[in-house]
Every structure is written in structure tokens, then in C-alpha cells.
Amino acid sequence: MEKQEYYLFLDESKPNGANINHLCLAGVIFSRDDYEKNIIPAVDSLKQDIFGTSSIILHEVEIRRAINNFRCLNNLQKKQEFWEKMTGIFSGENITTIGASVNYPILESYYNKDSLKNKYFMVLQIVLENFVHFLEHNNGIGQIYIESTDLKSDTELRNVYHDVIANGTLFYNKNVFQSKLLNINFLNKNDNNTGLQLADFVPGTLNRKANNLRKRELSDIIEGNLYDGSQNLVNRFGFKIIP
């Protein structure tokens, strides 16, 4: 049987010094076919209907604040229509969410902080491991796309990826990663990449869950789409919170 190709689009949510204490890396998984045939046209249609152009780049923070290019969402009807259409997109049966979150200050209280691994190693290793688990259960191979933030963070994540590919993890040997993962790609948000724009809504939502904050639009559907390892184990395979 021919292997299916899957894309994993990732974004991050960082501690904000107030009510968010975790670093969260999370995103969405699509099959390549579904992404190209259904997801991209659906998002372009939403943009055209709500904003009058498909070239606008969705950005969750600005959307929720209804600022800059999203001022039209101050109109209650437009706002409701937008979230209904976004819910429809995330409700697709072929969309899977995945992520990991770490409260690093708590870990530093448990261990000598100078001896701890890099926080990006922790979250990316878990996400890669669970993405490979997904690929194994779906006879797939996969590519990873992640939003570029800054040179330091990008370098840390890239180094972790190659470390995992070269050495494996606690549960998987290196051969599994090398046979299942094709590449990691860093993209700029201004590239108008549909997958990254949808991924932008996931880590903040899951970080609110990790920090016991109230739910917002999309929370239930994003949590409901979390990968469960085909074993109803969302907390292990879908969204792992450390510690």
C-alpha cells in the first residue's frame, strides 16, 4: 500500500509573565491531499467572504482584538460569521491537533536548572514522537512546517530536530524517525501559508488549557481533535503537559 504524505504545521505560545506560565508548541496535521484540495480553498473562501480578499494573513491575536486588518470584526455579525466559518474548518474529520507544553520554572524547582535539557528539546521531542506515532498508525510519512520566530529559537528547534533524527528518543529508535520524517521547514508568517495560519490558533488555545484559563472560540473543537493514539489517550499522544 502506498504511503500517505502528511503535513504537520506548528506554532508556539510563550509564557507572558502574567497568567501563561508554559511554553507550548502545537499545531495541526493534514494529509497532503486534503490540505491542497480542501483546506486551502476553505480558508481562502473564508477570507474572501469575511475580508474581501484571500491575501490577508490570519493572525489570532489581532483577530481576537479586532485590530489592524481585522477591524471589521468589531461588527458582531461579522465576528460571529468568522468564528462559525473557522469552527467549520476545524471540524473537518481529517484535521488532527497535537502539542506539548512545559512549565520550565517548575522544572527548575525540581532539578538543578543548569543540568536541565533545553525547553525546546522537551516540547519538540514529544511532538515529533507523537507525530511519528500518528504516521505509523496511518501508514504515512510526514513533513514539518513551523513558523520562524527569531534566529535563536529557530536554531534551537532545528538542532533538536536533527538530534532526534540522529539519536531517537526515549520510546522510538532513530530508524523510525529517519524513515517517517522527511524534513523540517521554517516559514515566515508573511508567506501567507494556510497551514501556519490555522496552526496559529492552536498553541494559545492549548496553553490556556495547561494554565487552567477559561475557554474561548475554537477551544472545544481544537481539544476534541487532539490525537489520542487510537487508544483514547489524549493526555499522552495529543497534548502532553510537563511536569
# chains A, B, ... in the order shown; residues from 1 in each chain; ligands from 1
$ residues_around --residues "range 63-72 of chain A" --least-positions-apart "3" --cutoff "12 Å" --atoms "only C-alpha atoms" --output "NGL selection string"
:A and (47 or 49-53 or 55-60 or 75-83 or 86 or 197 or 200-201 or 204 or 216-218)
$ select_by_dssp --residues "range 25-223 of chain A" --states "alpha helix (DSSP H)" --output "MDAnalysis selection string"
chainID A and resid 32:34 40:51 60:65 76:90 104:110 119:137 151:167 174:180 194:199 202:210 219:223
$ closest_residue --among "A:Met1, A:Ile221, A:Glu147, A:Ala199" --to "Glu84 in chain A" --atoms "only C-alpha atoms"
A:Ile221
$ residues_around --residues "range 2-11 of chain A" --least-positions-apart "6" --cutoff "7 Å" --atoms "only C-alpha atoms" --output "list in words"
Leu25, Ala26, Gly27, Val28, Ile29, Phe30, Ser31, Arg32, Asn139, Gly140, Ile141, Gly142, Gln143, Ile144, Tyr145, Ile146, Glu147, Gly195, Leu196, Ala199, Asp200 and Pro203 of chain A
$ write_last_selection --atoms "N, CA and C atoms" --output "mmCIF file, in the first residue's frame"
data_model
loop_
_atom_site.group_PDB
_atom_site.id
_atom_site.type_symbol
_atom_site.label_atom_id
_atom_site.label_comp_id
_atom_site.auth_asym_id
_atom_site.auth_seq_id
_atom_site.Cartn_x
_atom_site.Cartn_y
_atom_site.Cartn_z
ATOM 1 N N LEU A 25 4.245 24.204 22.283
ATOM 2 C CA LEU A 25 4.474 24.001 20.859
ATOM 3 C C LEU A 25 3.358 23.087 20.365
ATOM 4 N N ALA A 26 2.592 23.553 19.386
ATOM 5 C CA ALA A 26 1.417 22.783 18.978
ATOM 6 C C ALA A 26 0.997 23.166 17.571
ATOM 7 N N GLY A 27 0.138 22.323 16.991
ATOM 8 C CA GLY A 27 -0.318 22.631 15.649
ATOM 9 C C GLY A 27 -1.307 21.624 15.114
ATOM 10 N N VAL A 28 -1.375 21.562 13.782
ATOM 11 C CA VAL A 28 -2.381 20.761 13.088
ATOM 12 C C VAL A 28 -1.724 19.809 12.099
ATOM 13 N N ILE A 29 -2.356 18.638 11.943
ATOM 14 C CA ILE A 29 -1.899 17.633 10.985
ATOM 15 C C ILE A 29 -2.962 17.495 9.897
ATOM 16 N N PHE A 30 -2.511 17.552 8.633
ATOM 17 C CA PHE A 30 -3.383 17.306 7.493
ATOM 18 C C PHE A 30 -2.699 16.320 6.554
ATOM 19 N N SER A 31 -3.483 15.521 5.849
ATOM 20 C CA SER A 31 -2.904 14.797 4.728
ATOM 21 C C SER A 31 -2.615 15.818 3.629
ATOM 22 N N ARG A 32 -1.612 15.545 2.844
ATOM 23 C CA ARG A 32 -1.261 16.470 1.757
ATOM 24 C C ARG A 32 -2.437 16.669 0.807
ATOM 25 N N ASN A 139 -0.034 4.710 8.153
ATOM 26 C CA ASN A 139 0.799 4.319 7.015
ATOM 27 C C ASN A 139 1.307 5.549 6.262
ATOM 28 N N GLY A 140 1.882 6.489 7.030
ATOM 29 C CA GLY A 140 2.267 7.756 6.435
ATOM 30 C C GLY A 140 3.725 8.123 6.588
ATOM 31 N N ILE A 141 4.108 9.129 5.840
ATOM 32 C CA ILE A 141 5.371 9.835 6.009
ATOM 33 C C ILE A 141 5.009 11.309 6.159
ATOM 34 N N GLY A 142 5.910 12.096 6.774
ATOM 35 C CA GLY A 142 5.491 13.457 7.069
ATOM 36 C C GLY A 142 6.555 14.516 6.953
ATOM 37 N N GLN A 143 6.089 15.717 6.691
ATOM 38 C CA GLN A 143 6.930 16.905 6.712
ATOM 39 C C GLN A 143 6.427 17.839 7.794
ATOM 40 N N ILE A 144 7.347 18.603 8.366
ATOM 41 C CA ILE A 144 7.013 19.535 9.442
ATOM 42 C C ILE A 144 7.274 20.957 8.959
ATOM 43 N N TYR A 145 6.286 21.804 9.186
ATOM 44 C CA TYR A 145 6.406 23.222 8.855
ATOM 45 C C TYR A 145 6.179 24.017 10.130
ATOM 46 N N ILE A 146 7.078 24.921 10.405
ATOM 47 C CA ILE A 146 6.989 25.677 11.651
ATOM 48 C C ILE A 146 7.231 27.153 11.372
ATOM 49 N N GLU A 147 6.512 27.987 12.087
ATOM 50 C CA GLU A 147 6.672 29.427 11.872
ATOM 51 C C GLU A 147 8.008 29.899 12.422
ATOM 52 N N GLY A 195 -1.555 26.543 6.257
ATOM 53 C CA GLY A 195 -1.360 25.651 7.398
ATOM 54 C C GLY A 195 -0.840 26.375 8.620
ATOM 55 N N LEU A 196 0.120 27.271 8.417
ATOM 56 C CA LEU A 196 0.667 28.029 9.542
ATOM 57 C C LEU A 196 -0.385 28.946 10.155
ATOM 58 N N ALA A 199 -2.516 26.802 12.269
ATOM 59 C CA ALA A 199 -1.731 26.374 13.437
ATOM 60 C C ALA A 199 -1.628 27.486 14.465
ATOM 61 N N ASP A 200 -1.698 28.738 14.022
ATOM 62 C CA ASP A 200 -1.576 29.890 14.912
ATOM 63 C C ASP A 200 -2.648 29.894 16.001
ATOM 64 N N PRO A 203 -1.639 26.626 19.655
ATOM 65 C CA PRO A 203 -0.853 26.655 20.897
ATOM 66 C C PRO A 203 -1.412 27.572 21.969
#
$ select_by_dssp --residues "range 29-232 of chain A" --states "strand (DSSP E)" --output "MDAnalysis selection string"
chainID A and resid 29:31 96:102 140:147 181:187
$ atom_distance --atom1 "CA of Ile39 in chain A" --atom2 "CA of Thr194 in chain A"
7.9 Å
$ closest_residue --among "A:Ser115, A:Ile184, A:Pro41, A:Glu108" --to "Val164 in chain A" --atoms "only C-alpha atoms"
A:Ile184
$ closest_residue --among "A:Leu213, A:Val202, A:Ala100, A:Ala42" --to "Gly238 in chain A" --atoms "only C-alpha atoms"
A:Ala100
$ residues_around --residues "His162 in chain A" --least-positions-apart "6" --cutoff "12 Å" --atoms "only C-alpha atoms" --output "list in words"
Phe121, Leu124, Gln125, Leu128, Thr155, Glu156, Gly168, Thr169, Lys174, Phe177, Gln178, Leu181, Leu182, Asn183 and Ile184 of chain A
$ residues_around --residues "Leu226 in chain A" --least-positions-apart "2" --cutoff "10 Å" --atoms "only C-alpha atoms" --output "list in words"
Gly27, Val28, Ile29, Ile95, Thr96, Thr97, Ile98, Gly99, Ile221, Ile222, Glu223, Gly224, Asp228, Gly229, Asn232, Leu233, Val234, Asn235, Phe237, Gly238 and Phe239 of chain A
$ write_last_selection --atoms "C-alpha atoms" --output "mmCIF file, in the first residue's frame"
data_model
loop_
_atom_site.group_PDB
_atom_site.id
_atom_site.type_symbol
_atom_site.label_atom_id
_atom_site.label_comp_id
_atom_site.auth_asym_id
_atom_site.auth_seq_id
_atom_site.Cartn_x
_atom_site.Cartn_y
_atom_site.Cartn_z
ATOM 1 C CA GLY A 27 -0.318 22.631 15.649
ATOM 2 C CA VAL A 28 -2.381 20.761 13.088
ATOM 3 C CA ILE A 29 -1.899 17.633 10.985
ATOM 4 C CA ILE A 95 -7.945 17.500 10.943
ATOM 5 C CA THR A 96 -5.848 16.365 13.900
ATOM 6 C CA THR A 97 -4.304 18.618 16.549
ATOM 7 C CA ILE A 98 -1.200 17.843 18.583
ATOM 8 C CA GLY A 99 1.057 19.620 21.060
ATOM 9 C CA ILE A 221 -13.083 21.743 18.721
ATOM 10 C CA ILE A 222 -9.272 22.028 18.982
ATOM 11 C CA GLU A 223 -9.256 19.911 22.136
ATOM 12 C CA GLY A 224 -11.702 17.478 20.547
ATOM 13 C CA ASP A 228 -5.408 10.029 21.062
ATOM 14 C CA GLY A 229 -3.063 7.378 19.702
ATOM 15 C CA ASN A 232 -8.235 7.208 23.885
ATOM 16 C CA LEU A 233 -5.044 8.577 25.465
ATOM 17 C CA VAL A 234 -5.201 12.263 24.570
ATOM 18 C CA ASN A 235 -3.013 13.311 27.514
ATOM 19 C CA PHE A 237 -0.419 11.311 22.470
ATOM 20 C CA GLY A 238 -2.367 14.505 21.837
ATOM 21 C CA PHE A 239 -1.346 17.148 24.351
#
